[in-house]
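Asker: Dropping in input.csv, which is CSV, C-alpha atoms and all ligand atoms:
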chain,number,residue,atom,x,y,z
Y,1150,MET,CA,-97.2,-48.4,11.6
Y,1151,ALA,CA,-95.7,-51.6,10.2
Y,1152,ASN,CA,-98.0,-51.3,7.2
Y,1153,THR,CA,-96.6,-47.8,6.5
Y,1154,THR,CA,-93.1,-49.2,6.2
Y,1155,TYR,CA,-94.2,-52.0,3.9
Y,1156,GLU,CA,-96.2,-49.5,1.8
Y,1157,LYS,CA,-93.1,-47.3,1.4
Y,1158,ILE,CA,-91.1,-50.3,0.2
Y,1159,ALA,CA,-93.9,-51.1,-2.3
Y,1160,GLU,CA,-93.6,-47.5,-3.5
Y,1161,LYS,CA,-89.9,-47.9,-4.0
Y,1162,LEU,CA,-90.7,-50.9,-6.2
Y,1163,MET,CA,-93.1,-48.8,-8.1
Y,1164,VAL,CA,-96.1,-50.9,-7.2
Y,1165,LYS,CA,-97.7,-48.6,-4.6
Y,1166,ALA,CA,-101.2,-49.4,-5.7
Y,1167,SER,CA,-100.8,-53.2,-5.4
Y,1168,ARG,CA,-103.3,-55.0,-3.2
Y,1169,LEU,CA,-100.9,-57.9,-2.7
Y,1170,MET,CA,-97.5,-56.4,-2.3
Y,1171,THR,CA,-97.7,-55.6,1.5
Y,1172,ASP,CA,-98.7,-59.2,2.1
Y,1173,ILE,CA,-95.8,-60.4,0.0
Y,1174,LEU,CA,-93.4,-58.1,1.8
Y,1175,GLN,CA,-94.7,-59.0,5.3
Y,1176,MET,CA,-94.1,-62.7,4.5
Y,1177,ILE,CA,-90.5,-62.2,3.5
Y,1178,ALA,CA,-89.3,-59.3,5.7
Y,1179,GLU,CA,-89.5,-59.0,9.5
Y,1180,PRO,CA,-90.5,-55.4,10.6
Y,1181,MET,CA,-86.9,-54.6,11.6
Y,1182,GLU,CA,-85.7,-55.9,8.2
Y,1183,ALA,CA,-88.3,-53.7,6.5
Y,1184,GLU,CA,-86.9,-50.7,8.4
Y,1185,LEU,CA,-83.4,-51.6,7.3
Y,1186,LEU,CA,-84.5,-51.9,3.7
Y,1187,LEU,CA,-85.8,-48.4,3.7
Y,1188,ALA,CA,-82.5,-47.2,5.1
Y,1189,LEU,CA,-80.6,-48.6,2.1
Y,1190,PRO,CA,-78.4,-47.9,0.2
Y,1191,GLY,CA,-75.3,-47.8,2.4
Y,1192,THR,CA,-72.5,-49.6,4.1
Y,1193,PRO,CA,-73.2,-51.4,7.4
Y,1194,LYS,CA,-71.6,-48.5,9.2
Y,1195,GLN,CA,-73.7,-45.9,7.4
Y,1196,ILE,CA,-76.8,-48.0,8.2
Y,1197,SER,CA,-75.9,-48.3,11.8
Y,1198,GLU,CA,-75.6,-44.5,12.0
Y,1199,LYS,CA,-79.0,-44.0,10.2
Y,1200,LEU,CA,-80.8,-46.4,12.5
Y,1201,GLY,CA,-78.8,-45.9,15.7
Y,1202,ILE,CA,-77.9,-49.6,16.0
Y,1203,PRO,CA,-74.4,-51.1,16.6
Y,1204,THR,CA,-72.4,-51.6,13.4
Y,1205,PRO,CA,-72.0,-55.4,13.9
Y,1206,LYS,CA,-75.8,-55.7,14.3
Y,1207,ALA,CA,-76.3,-53.7,11.1
Y,1208,GLU,CA,-73.7,-55.8,9.3
Y,1209,ALA,CA,-75.4,-59.1,10.4
Y,1210,GLN,CA,-78.9,-57.8,9.4
Y,1211,CYS,CA,-77.7,-56.5,6.0
Y,1212,HIS,CA,-76.2,-59.9,5.3
Y,1213,ARG,CA,-79.5,-61.5,6.3
Y,1214,LEU,CA,-81.3,-59.2,3.8
Y,1215,TYR,CA,-78.8,-60.3,1.1
Y,1216,GLU,CA,-79.4,-64.0,1.9
Y,1217,LYS,CA,-83.1,-63.6,1.6
Y,1218,GLY,CA,-82.7,-61.8,-1.7
Y,1219,LEU,CA,-84.1,-58.6,-0.3
Y,1220,ALA,CA,-80.9,-56.6,-0.8
Y,1221,LEU,CA,-77.9,-56.7,-3.3
Y,1222,LYS,CA,-74.3,-56.1,-2.5
Y,1223,THR,CA,-72.4,-53.1,-3.8
Y,1224,PHE,CA,-68.6,-52.4,-3.8
Y,1225,LYS,CA,-68.5,-48.7,-4.3
Y,1226,GLY,CA,-65.0,-47.4,-3.6
Y,1227,GLY,CA,-64.0,-50.9,-2.5
Y,1228,ALA,CA,-66.3,-50.9,0.5
Y,1229,LEU,CA,-69.0,-53.5,0.9
Y,1230,GLY,CA,-72.4,-51.9,0.9
Y,1231,TYR,CA,-76.0,-52.9,0.3
Y,1232,ARG,CA,-78.8,-51.6,-1.9
Y,1233,PHE,CA,-82.4,-52.4,-2.7
Y,1234,HIS,CA,-83.8,-53.7,-6.0
Y,1235,ARG,CA,-84.7,-51.3,-8.7
Y,1236,ASP,CA,-87.5,-53.3,-10.2
Y,1237,ILE,CA,-90.3,-55.7,-9.3
Y,1238,THR,CA,-89.2,-58.6,-11.4
Y,1239,MET,CA,-85.6,-58.6,-10.0
Y,1240,PHE,CA,-87.1,-58.4,-6.6
Y,1241,ARG,CA,-89.5,-61.3,-7.3
Y,1242,ASP,CA,-86.7,-63.5,-8.7
Y,1243,ALA,CA,-84.1,-62.8,-6.0
Y,1244,THR,CA,-86.5,-63.3,-3.0
Y,1245,SER,CA,-88.3,-66.3,-4.6
Y,1246,HIS,CA,-84.9,-68.0,-5.0
Y,1247,TRP,CA,-84.3,-67.8,-1.3
Y,1248,PRO,CA,-84.0,-71.6,-0.4
Y,1249,GLN,CA,-86.1,-71.1,2.8
Y,1250,ALA,CA,-88.9,-69.2,1.0
Y,1251,PRO,CA,-92.1,-71.0,2.0
Y,1252,LYS,CA,-94.5,-72.3,-0.7
Y,1253,ALA,CA,-97.1,-69.7,0.5
Y,1254,TYR,CA,-94.6,-67.0,-0.6
Y,1255,HIS,CA,-94.5,-68.4,-4.1
Y,1256,ASP,CA,-98.3,-68.8,-4.0
Y,1257,LEU,CA,-98.7,-65.1,-3.3
Y,1258,TRP,CA,-96.4,-64.2,-6.2
Y,1259,LYS,CA,-98.5,-66.5,-8.4
Y,1260,ARG,CA,-101.5,-64.4,-7.5
Y,1261,PHE,CA,-99.6,-61.2,-8.1
Y,1262,MET,CA,-98.4,-62.3,-11.5
Y,1263,GLU,CA,-101.9,-63.3,-12.6
Y,1264,GLU,CA,-103.9,-60.6,-11.0
Y,1265,GLU,CA,-101.7,-57.5,-11.0
Y,1266,TRP,CA,-98.5,-58.0,-13.1
Y,1267,PRO,CA,-100.2,-57.5,-16.5
Y,1268,ASP,CA,-101.2,-54.0,-15.6
Y,1269,TYR,CA,-97.7,-53.1,-14.4
Y,1270,ALA,CA,-96.2,-54.7,-17.5
Y,1271,ARG,CA,-98.4,-52.5,-19.6
Y,1272,ILE,CA,-97.2,-49.4,-17.8
Y,1273,GLU,CA,-93.6,-50.7,-18.2
Y,1274,ASP,CA,-94.2,-51.2,-21.9
Y,1275,LYS,CA,-95.0,-47.5,-22.2
Y,1276,ARG,CA,-92.4,-46.2,-19.8
Y,1277,LYS,CA,-89.3,-48.1,-21.0
Y,1278,PRO,CA,-87.8,-47.1,-24.4
Y,1279,ARG,CA,-86.6,-50.7,-25.1
Y,1280,ALA,CA,-87.3,-54.2,-24.1
Y,1281,GLY,CA,-85.4,-55.6,-21.1
Y,1282,GLY,CA,-85.0,-59.1,-22.6
Y,1283,ARG,CA,-84.0,-60.3,-26.0
Y,1284,ILE,CA,-84.4,-63.7,-27.7
Y,1285,ILE,CA,-81.2,-65.5,-28.7
Y,1286,PRO,CA,-81.7,-67.8,-31.7
Y,1287,ILE,CA,-80.8,-71.5,-31.8
Y,1288,GLU,CA,-77.4,-71.1,-33.4
Y,1289,ARG,CA,-77.6,-74.0,-35.8
Y,1290,SER,CA,-80.7,-72.5,-37.4
Y,1291,ILE,CA,-78.8,-69.5,-38.8
Y,1292,ALA,CA,-77.8,-69.9,-42.4
Y,1293,PHE,CA,-74.1,-70.0,-42.0
Y,1294,GLY,CA,-71.7,-68.3,-44.4
Y,1295,LYS,CA,-74.0,-65.4,-45.2
Y,1296,GLN,CA,-75.0,-64.1,-41.7
Y,1297,GLN,CA,-73.1,-62.3,-39.0
Y,1298,ILE,CA,-73.5,-63.8,-35.5
Y,1299,LEU,CA,-72.4,-61.5,-32.7
Y,1300,ASP,CA,-70.9,-62.9,-29.5
Y,1301,SER,CA,-73.9,-61.7,-27.5
Y,1302,GLU,CA,-76.3,-63.7,-29.7
Y,1303,SER,CA,-74.3,-66.9,-29.8
Y,1304,VAL,CA,-75.0,-69.3,-26.9
Y,1305,ILE,CA,-71.9,-71.3,-27.9
Y,1306,THR,CA,-69.6,-68.2,-27.6
Y,1307,ILE,CA,-71.3,-67.0,-24.4
Y,1308,ILE,CA,-70.7,-70.4,-22.8
Y,1309,GLN,CA,-67.2,-70.8,-24.2
Y,1310,ASN,CA,-66.2,-67.3,-23.0
Y,1311,ALA,CA,-67.7,-67.8,-19.5
Y,1312,GLU,CA,-65.4,-67.9,-16.5
Y,1313,ARG,CA,-68.1,-69.2,-14.3
Y,1314,LEU,CA,-71.5,-70.9,-15.0
Y,1315,THR,CA,-74.3,-72.0,-12.7
Y,1316,VAL,CA,-77.8,-73.4,-13.2
Y,1317,THR,CA,-80.9,-72.7,-11.1
Y,1318,ASN,CA,-84.5,-73.6,-11.3
Y,1319,CYS,CA,-86.6,-71.4,-13.6
Y,1320,ILE,CA,-88.3,-69.2,-11.0
Y,1321,CYS,CA,-91.2,-68.4,-13.3
Y,1322,ARG,CA,-92.1,-72.1,-13.5
Y,1323,VAL,CA,-91.5,-72.7,-9.8
Y,1324,ILE,CA,-94.0,-69.9,-9.1
Y,1325,GLN,CA,-96.6,-70.5,-11.8
Y,1326,ARG,CA,-96.5,-74.3,-12.2
Y,1327,ASN,CA,-98.6,-74.1,-15.4
Y,1328,CYS,CA,-96.6,-76.7,-17.3
Y,1329,ASP,CA,-94.3,-79.7,-16.9
Y,1330,MET,CA,-91.4,-78.3,-18.8
Y,1331,PRO,CA,-87.9,-78.9,-17.3
Y,1332,LEU,CA,-87.2,-76.8,-14.2
Y,1333,GLU,CA,-83.5,-76.7,-13.8
Y,1334,THR,CA,-82.9,-74.5,-16.9
Y,1335,CYS,CA,-81.8,-71.0,-16.0
Y,1336,LEU,CA,-78.1,-70.6,-16.7
Y,1337,GLN,CA,-76.1,-67.8,-15.0
Y,1338,VAL,CA,-72.9,-66.4,-16.5
Y,1339,ASP,CA,-69.9,-64.9,-14.7
Y,1340,ASN,CA,-71.2,-62.1,-12.4
Y,1341,SER,CA,-74.7,-63.6,-12.0
Y,1342,ALA,CA,-73.1,-67.1,-11.4
Y,1343,ARG,CA,-70.9,-65.6,-8.7
Y,1344,TYR,CA,-74.0,-64.0,-7.2
Y,1345,MET,CA,-75.9,-67.3,-7.1
Y,1346,LEU,CA,-72.9,-69.2,-5.6
Y,1347,ASP,CA,-72.4,-66.5,-3.0
Y,1348,ARG,CA,-76.1,-66.9,-2.0
Y,1349,GLY,CA,-75.9,-70.7,-2.0
Y,1350,ILE,CA,-78.5,-71.0,-4.8
Y,1351,GLY,CA,-78.3,-73.4,-7.7
Y,1352,ARG,CA,-75.1,-75.2,-8.6
Y,1353,ALA,CA,-72.0,-74.7,-10.6
Y,1354,VAL,CA,-71.9,-76.4,-14.1
Y,1355,SER,CA,-69.2,-77.1,-16.6
Y,1356,LYS,CA,-69.4,-75.7,-20.1
Y,1357,GLU,CA,-70.3,-79.1,-21.4
Y,1358,GLU,CA,-73.2,-79.5,-19.0
Y,1359,ALA,CA,-74.4,-76.0,-19.8
Y,1360,MET,CA,-74.5,-76.9,-23.5
Y,1361,ASP,CA,-76.4,-80.1,-22.6
Y,1362,ILE,CA,-78.9,-78.1,-20.7
Y,1363,LEU,CA,-79.4,-75.7,-23.6
Y,1364,LYS,CA,-79.9,-78.7,-26.0
Y,1365,GLU,CA,-82.4,-80.2,-23.6
Y,1366,CYS,CA,-84.3,-76.8,-23.5
Y,1367,GLU,CA,-84.2,-76.6,-27.3
Y,1368,ASP,CA,-85.6,-80.2,-27.6
Y,1369,ALA,CA,-88.4,-79.3,-25.1
Y,1370,GLY,CA,-89.3,-76.2,-27.2
Y,1371,LEU,CA,-88.1,-73.6,-24.7
Y,1372,VAL,CA,-87.1,-70.1,-26.0
Y,1373,HIS,CA,-83.5,-68.9,-25.2
Y,1374,MET,CA,-83.7,-65.4,-23.7
Y,1375,THR,CA,-81.1,-63.0,-22.2
Y,1376,LEU,CA,-80.8,-59.3,-21.2
Y,1377,ASN,CA,-81.1,-56.9,-24.1
Y,1378,LYS,CA,-77.5,-55.7,-24.1
Y,1379,SER,CA,-74.4,-56.4,-26.0
Y,1380,SER,CA,-72.4,-58.1,-23.2
Y,1381,VAL,CA,-73.6,-61.3,-21.6
Y,1382,ASP,CA,-72.3,-61.6,-18.0
Y,1383,HIS,CA,-75.7,-62.4,-16.5
Y,1384,PHE,CA,-78.1,-65.2,-17.7
Y,1385,ILE,CA,-79.5,-67.3,-20.4
Y,1386,CYS,CA,-83.1,-68.0,-19.6
Y,1387,ASN,CA,-85.1,-70.8,-21.3
Y,1388,CYS,CA,-88.7,-69.7,-21.4
Y,1389,CYS,CA,-92.1,-71.3,-21.9
Y,1390,GLU,CA,-95.1,-69.4,-23.2
Y,1391,CYS,CA,-97.3,-70.1,-20.1
Y,1392,CYS,CA,-95.2,-69.4,-17.0
Y,1393,CYS,CA,-92.7,-66.8,-18.2
Y,1394,PHE,CA,-93.3,-63.2,-16.8
Y,1395,ALA,CA,-92.8,-61.8,-20.3
Y,1396,LEU,CA,-93.6,-64.2,-23.2
Y,1397,PRO,CA,-97.4,-64.6,-22.6
Y,1398,LEU,CA,-97.8,-60.8,-22.7
Y,1399,VAL,CA,-95.5,-60.5,-25.8
Y,1400,ILE,CA,-97.6,-63.1,-27.6
Y,1401,LYS,CA,-101.1,-62.0,-26.5
Y,1402,GLU,CA,-100.6,-58.3,-26.4
Y,1403,GLY,CA,-97.4,-57.5,-28.3
Y,1404,LEU,CA,-95.9,-55.8,-25.2
Y,1405,ASN,CA,-92.3,-54.8,-25.6
Y,1406,LEU,CA,-91.0,-56.9,-22.7
Y,1407,CYS,CA,-88.7,-59.0,-24.9
Y,1408,ALA,CA,-87.2,-58.0,-28.2
Y,1409,PRO,CA,-86.8,-60.4,-31.1
Y,1410,SER,CA,-83.4,-61.7,-32.2
Y,1411,ARG,CA,-81.8,-60.0,-35.2
Y,1412,TYR,CA,-83.0,-63.0,-37.3
Y,1413,GLN,CA,-86.2,-64.2,-39.0
Y,1414,ALA,CA,-87.2,-67.6,-40.3
Y,1415,GLU,CA,-87.6,-68.3,-44.0
Y,1416,ILE,CA,-89.2,-71.4,-45.4
Y,1417,ASP,CA,-88.0,-72.9,-48.7
Y,1418,SER,CA,-91.4,-73.8,-50.3
Y,1419,ALA,CA,-89.6,-76.2,-52.7
Y,1420,LEU,CA,-88.5,-78.3,-49.7
Y,1421,CYS,CA,-91.5,-77.9,-47.4
Y,1422,SER,CA,-93.8,-81.0,-47.3
Y,1423,SER,CA,-96.5,-79.1,-45.3
Y,1424,CYS,CA,-96.2,-81.6,-42.5
Y,1425,GLY,CA,-97.2,-78.9,-39.9
Y,1426,THR,CA,-94.5,-79.6,-37.3
Y,1427,CYS,CA,-93.4,-76.0,-37.3
Y,1428,LEU,CA,-97.0,-74.8,-36.8
Y,1429,ASP,CA,-97.1,-76.5,-33.4
Y,1430,ARG,CA,-93.5,-75.6,-32.6
Y,1431,CYS,CA,-93.8,-71.9,-33.0
Y,1432,HIS,CA,-95.0,-70.1,-29.8
Y,1433,PHE,CA,-95.6,-66.8,-31.6
Y,1434,GLY,CA,-98.1,-67.9,-34.2
Y,1435,ALA,CA,-95.7,-66.9,-36.9
Y,1436,ILE,CA,-96.1,-69.9,-39.2
Y,1437,GLU,CA,-99.1,-69.8,-41.5
Y,1438,GLU,CA,-100.6,-72.4,-43.7
Y,1439,PRO,CA,-100.6,-71.7,-47.5
Y,1440,GLY,CA,-103.7,-70.2,-49.1
Y,1441,THR,CA,-105.9,-72.1,-51.5
Y,1442,ASP,CA,-104.3,-70.9,-54.7
Y,1443,VAL,CA,-102.6,-73.7,-56.6
Y,1444,ASP,CA,-99.3,-71.8,-56.7
Y,1445,GLU,CA,-99.2,-71.4,-53.0
Y,1446,THR,CA,-97.4,-74.4,-51.6
Y,1447,GLY,CA,-95.7,-75.0,-48.2
Y,1448,MET,CA,-95.9,-73.0,-45.0
Y,1449,GLU,CA,-95.2,-69.3,-44.8
Y,1450,VAL,CA,-93.6,-67.2,-42.1
Y,1451,ASN,CA,-95.4,-64.1,-41.0
Y,1452,GLN,CA,-92.5,-61.7,-40.7
Y,1453,ASP,CA,-94.5,-59.4,-38.3
Y,1454,LYS,CA,-94.8,-62.2,-35.8
Y,1455,CYS,CA,-91.5,-64.1,-36.1
Y,1456,MET,CA,-89.3,-63.5,-33.1
Y,1457,GLY,CA,-86.3,-65.3,-34.6
Y,1458,CYS,CA,-86.0,-68.0,-32.0
Y,1459,GLY,CA,-85.1,-70.8,-34.4
Y,1460,LEU,CA,-87.3,-73.4,-32.7
Y,1461,CYS,CA,-89.1,-74.2,-36.0
Y,1462,TYR,CA,-85.8,-75.0,-37.6
Y,1463,SER,CA,-84.7,-77.8,-35.2
Y,1464,THR,CA,-87.7,-80.1,-35.8
Y,1465,CYS,CA,-88.3,-79.5,-39.5
Y,1466,PRO,CA,-87.9,-83.0,-41.1
Y,1467,GLU,CA,-87.1,-81.5,-44.6
Y,1468,GLN,CA,-84.5,-79.0,-43.4
Y,1469,ALA,CA,-86.7,-76.4,-45.2
Y,1470,ILE,CA,-86.2,-73.6,-42.6
Y,1471,ARG,CA,-83.3,-71.3,-42.0
Y,1472,LEU,CA,-82.8,-68.0,-40.1
Y,1473,LEU,CA,-81.7,-64.9,-41.9
Y,1474,GLU,CA,-80.3,-61.7,-40.5
Y,1475,VAL,CA,-82.9,-59.0,-40.8
Y,1476,ARG,CA,-81.8,-56.4,-38.3
Y,1477,GLU,CA,-78.6,-54.3,-38.0
Y,1478,LYS,CA,-76.0,-55.0,-35.3
Y,1479,THR,CA,-77.0,-51.7,-33.7
Y,1480,PHE,CA,-80.4,-53.3,-32.9
Y,1481,ILE,CA,-78.7,-54.7,-29.8
Y,1482,PRO,CA,-78.1,-51.9,-27.2
Y,1483,GLU,CA,-74.6,-51.3,-25.8
K,1501,LIG,S1,-87.7,-65.6,-17.7
K,1501,LIG,FE1,-88.0,-67.6,-18.7
K,1501,LIG,S2,-86.4,-69.0,-18.0
K,1501,LIG,FE2,-86.2,-67.1,-16.8
K,1501,LIG,S3,-87.3,-67.6,-15.0
K,1501,LIG,FE3,-88.8,-66.7,-16.3
K,1501,LIG,S4,-89.7,-68.4,-17.7
K,1501,LIG,FE4,-87.9,-69.1,-16.5
K,1502,LIG,S1,-91.7,-78.5,-40.4
K,1502,LIG,FE1,-90.6,-78.1,-42.3
K,1502,LIG,S2,-91.5,-79.5,-43.8
K,1502,LIG,FE2,-92.9,-79.4,-42.0
K,1502,LIG,S3,-94.4,-77.8,-42.6
K,1502,LIG,FE3,-92.7,-76.8,-41.4
K,1502,LIG,S4,-91.3,-76.1,-43.0
K,1502,LIG,FE4,-92.6,-77.6,-44.0
K,1503,LIG,S1,-91.3,-68.8,-37.1
K,1503,LIG,FE1,-91.7,-69.0,-34.9
K,1503,LIG,S2,-90.4,-70.7,-34.2
K,1503,LIG,FE2,-89.7,-70.1,-36.2
K,1503,LIG,S3,-88.0,-68.6,-35.7
K,1503,LIG,FE3,-89.9,-67.4,-36.0
K,1503,LIG,S4,-90.8,-67.2,-34.0
K,1503,LIG,FE4,-89.3,-68.9,-33.8
Translate the structure described by the file into structure tokens.

Answerer:
Amino acid sequence: MANTTYEKIAEKLMVKASRLMTDILQMIAEPMEAELLLALPGTPKQISEKLGIPTPKAEAQCHRLYEKGLALKTFKGGALGYRFHRDITMFRDATSHWPQAPKAYHDLWKRFMEEEWPDYARIEDKRKPRAGGRIIPIERSIAFGKQQILDSESVITIIQNAERLTVTNCICRVIQRNCDMPLETCLQVDNSARYMLDRGIGRAVSKEEAMDILKECEDAGLVHMTLNKSSVDHFICNCCECCCFALPLVIKEGLNLCAPSRYQAEIDSALCSSCGTCLDRCHFGAIEEPGTDVDETGMEVNQDKCMGCGLCYSTCPEQAIRLLEVREKTFIPE
């Protein structure tokens, strides 16, 4: 009976065939909480009527679901309500951020991400018309004066315009633990920051500290990523190629989980000393060594592979790299 409830929740998350999802759900949601999840969306009053329980009890239990990251708040018509997640990665992130989530919960997610997620990601790749994430370039790497930089692709503008900023641990690295990259690197902006503070997760940061965190991420070779839309009131992630839910599958299989920025690197062969620093710095294998012809000097950028992150720019000792705008503004969805 309990299993049926958890299986129905797995179906809502579009992972019905998962071998691990019922274990994951059972670890985070009590049977009564699972019943409540299936009764969402609704206000506590509507939930109380659906389940035949007193409204104060429904209210307290809905709030508990929210604290655990199992449900999200809604304010339709000004009334507080709750809804379930629409996709598996949001569900993973929100519940794994719950401060009381046991290590065993993260371990189960690690197994899910390694054993099952790639198949679901391949399905998502075919189902979704566009990537959910998009790379934001390191702003200094863009050749100023000639290129347009939109507000939604400028970390400086995003941070300067933010009313509220928080930082949390990178949940992909908390779960996967495949590298020793910095952990406290996920920045939330405005609505997402308010959500984190409301759940008591992470901490508020000033604009100056947010910029320092982004610089630390750049130095460490982490890729800035955000949601693929033209307003940024959510997050700036700083991703590694080994723990991230998206980048390894973008790199190895070319899945459309994360779009490139509107820019691409270009190397000035007259300046390049072929030191090879950019070869190691690029996560996407986009830097290629010159051929054997005498007139081929300096590294080259493979335009098909370059994701326009700008990481190669910031460690080039000869300042031989710059980013050029290669995609229209309309590349970024409204
Ligand atoms: S998407 Fe990137 S920064 Fe965000 S949680 Fe995953 S690896 Fe960390
Ligand atoms: S880091 Fe700069 S100088 Fe070194 S190989 Fe790359 S482009 Fe050339
Ligand atoms: S060449 Fe590599 S490191 Fe440089 S911008 Fe392109 S993807 Fe980023």

Asker: If you count only C-alpha atoms, which residues fall within 10 Å of Y:Ser1380, apart from same-chain ones fewer than 2 positions away, as a ChimeraX atom specification?

Answerer: /Y:1300-1302,1307,1376-1378,1382-1383,1481-1483

Asker: As an exercise, work out the distance from atom CA of Y:Asn1318 to atom CA of Y:Cys1366 in Å and give it to one decimal place.

Answerer: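 Between atom CA of Y:Asn1318 and atom CA of Y:Cys1366 the gap works out to 12.6 Å.
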
Asker: Between atom CA of Y:Ser1303 and atom CA of Y:Ser1410, what is the distance, to one decimal in Å?

Answerer: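 Taking atom CA of Y:Ser1303 as the start and atom CA of Y:Ser1410 as the end point, the length is 10.8 Å.
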
Asker: Set the cut-off to 8 Å, count all atoms listed in the file, and list whatever residues fall near ligand LIG 1501 (chain K) as a list in words.

Answerer: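 Using all atoms listed in the file, everything at most 8 Å from ligand LIG 1501 (chain K) comes to Asp1242, Asn1318, Cys1319, Ile1320, Cys1321, Arg1322, Thr1334, Cys1335, Val1372, His1373, Met1374, Ile1385, Cys1386, Asn1387, Cys1388, Cys1389, Glu1390, Cys1392, Cys1393, Phe1394, Ala1395 and Leu1396 of chain Y.
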
Asker: List the spatial neighbours of stretch 1253-1267 of chain Y as a tab-separated table (two decimals) with C-alpha atoms, in the coordinates of the input - criterion: any atom at most 12 Å away, only C-alpha atoms, same-chain residues fewer than 4 positions off excluded.

Answerer:
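File written: around09.tsv
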chain	number	residue	atom	x	y	z
Y	1163	MET	CA	-93.10	-48.80	-8.10
Y	1164	VAL	CA	-96.10	-50.90	-7.20
Y	1165	LYS	CA	-97.70	-48.60	-4.60
Y	1166	ALA	CA	-101.20	-49.40	-5.70
Y	1167	SER	CA	-100.80	-53.20	-5.40
Y	1168	ARG	CA	-103.30	-55.00	-3.20
Y	1169	LEU	CA	-100.90	-57.90	-2.70
Y	1170	MET	CA	-97.50	-56.40	-2.30
Y	1171	THR	CA	-97.70	-55.60	1.50
Y	1172	ASP	CA	-98.70	-59.20	2.10
Y	1173	ILE	CA	-95.80	-60.40	0.00
Y	1174	LEU	CA	-93.40	-58.10	1.80
Y	1175	GLN	CA	-94.70	-59.00	5.30
Y	1176	MET	CA	-94.10	-62.70	4.50
Y	1177	ILE	CA	-90.50	-62.20	3.50
Y	1178	ALA	CA	-89.30	-59.30	5.70
Y	1237	ILE	CA	-90.30	-55.70	-9.30
Y	1238	THR	CA	-89.20	-58.60	-11.40
Y	1240	PHE	CA	-87.10	-58.40	-6.60
Y	1241	ARG	CA	-89.50	-61.30	-7.30
Y	1242	ASP	CA	-86.70	-63.50	-8.70
Y	1243	ALA	CA	-84.10	-62.80	-6.00
Y	1244	THR	CA	-86.50	-63.30	-3.00
Y	1245	SER	CA	-88.30	-66.30	-4.60
Y	1246	HIS	CA	-84.90	-68.00	-5.00
Y	1247	TRP	CA	-84.30	-67.80	-1.30
Y	1248	PRO	CA	-84.00	-71.60	-0.40
Y	1249	GLN	CA	-86.10	-71.10	2.80
Y	1271	ARG	CA	-98.40	-52.50	-19.60
Y	1272	ILE	CA	-97.20	-49.40	-17.80
Y	1273	GLU	CA	-93.60	-50.70	-18.20
Y	1274	ASP	CA	-94.20	-51.20	-21.90
Y	1320	ILE	CA	-88.30	-69.20	-11.00
Y	1321	CYS	CA	-91.20	-68.40	-13.30
Y	1322	ARG	CA	-92.10	-72.10	-13.50
Y	1323	VAL	CA	-91.50	-72.70	-9.80
Y	1324	ILE	CA	-94.00	-69.90	-9.10
Y	1325	GLN	CA	-96.60	-70.50	-11.80
Y	1326	ARG	CA	-96.50	-74.30	-12.20
Y	1327	ASN	CA	-98.60	-74.10	-15.40
Y	1391	CYS	CA	-97.30	-70.10	-20.10
Y	1392	CYS	CA	-95.20	-69.40	-17.00
Y	1393	CYS	CA	-92.70	-66.80	-18.20
Y	1394	PHE	CA	-93.30	-63.20	-16.80
Y	1395	ALA	CA	-92.80	-61.80	-20.30
Y	1396	LEU	CA	-93.60	-64.20	-23.20
Y	1397	PRO	CA	-97.40	-64.60	-22.60
Y	1398	LEU	CA	-97.80	-60.80	-22.70
Y	1399	VAL	CA	-95.50	-60.50	-25.80
Y	1401	LYS	CA	-101.10	-62.00	-26.50
Y	1402	GLU	CA	-100.60	-58.30	-26.40
Y	1404	LEU	CA	-95.90	-55.80	-25.20
Y	1406	LEU	CA	-91.00	-56.90	-22.70

Asker: At a cut-off of 7 Å around ligand LIG 1503 (chain K), and using only C-alpha atoms and all ligand atoms, what residues come up? Please write them as a list in words.

Answerer: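 So, counting only C-alpha atoms and all ligand atoms, the residues near ligand LIG 1503 (chain K) are Gln1413, Ala1414, Cys1427, Arg1430, Cys1431, His1432, Phe1433, Gly1434, Ala1435, Ile1436, Val1450, Lys1454, Cys1455, Met1456, Gly1457, Cys1458, Gly1459, Leu1460, Cys1461, Tyr1462 and Leu1472 of chain Y.
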
Asker: Restricting the calculation to all atoms listed in the file, which member of Y:Leu1185, Y:Leu1299, Y:Ile1400, Y:Leu1314 is positioned closest to Y:Ala1342?

Answerer: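 Residue with the minimum atom-to-atom distance to Y:Ala1342: Y:Leu1314.
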
Asker: Enter the distance from atom CA of Y:Arg1343 to atom CA of Y:Ala1311, in Å, rounded to one decimal.

Answerer: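 Atom-to-atom, atom CA of Y:Arg1343 and atom CA of Y:Ala1311 are spaced 11.5 Å apart.
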
Asker: Rank nothing, just name the residue among Y:Ala1209, Y:Ala1292, Y:Leu1214, Y:Leu1221 nearest to Y:Ser1197, using only C-alpha atoms.

Answerer: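 Ranked by minimum distance to Y:Ser1197, first place goes to Y:Ala1209.
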
Asker: With distances taken over only C-alpha atoms, which residue among Y:Gln1297, Y:Gly1218, Y:Gly1230, Y:Gln1309 lies nearest Y:Ile1350?

Answerer: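 Ranked by minimum distance to Y:Ile1350, first place goes to Y:Gly1218.
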
Asker: Return the single residue from Y:Tyr1269, Y:Pro1190, Y:Glu1312, Y:Ile1362 that is closest to Y:Glu1333, with distances computed using all atoms listed in the file.

Answerer: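 Going through Y:Tyr1269, Y:Pro1190, Y:Glu1312, Y:Ile1362 one by one, the smallest distance to Y:Glu1333 is for Y:Ile1362.
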
Asker: Using only C-alpha atoms, which of Y:Ala1250, Y:Pro1286, Y:Gly1191, Y:Arg1352 sits nearest Y:Lys1225?

Answerer: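 Ranking Y:Ala1250, Y:Pro1286, Y:Gly1191, Y:Arg1352 by distance to Y:Lys1225, first place goes to Y:Gly1191.
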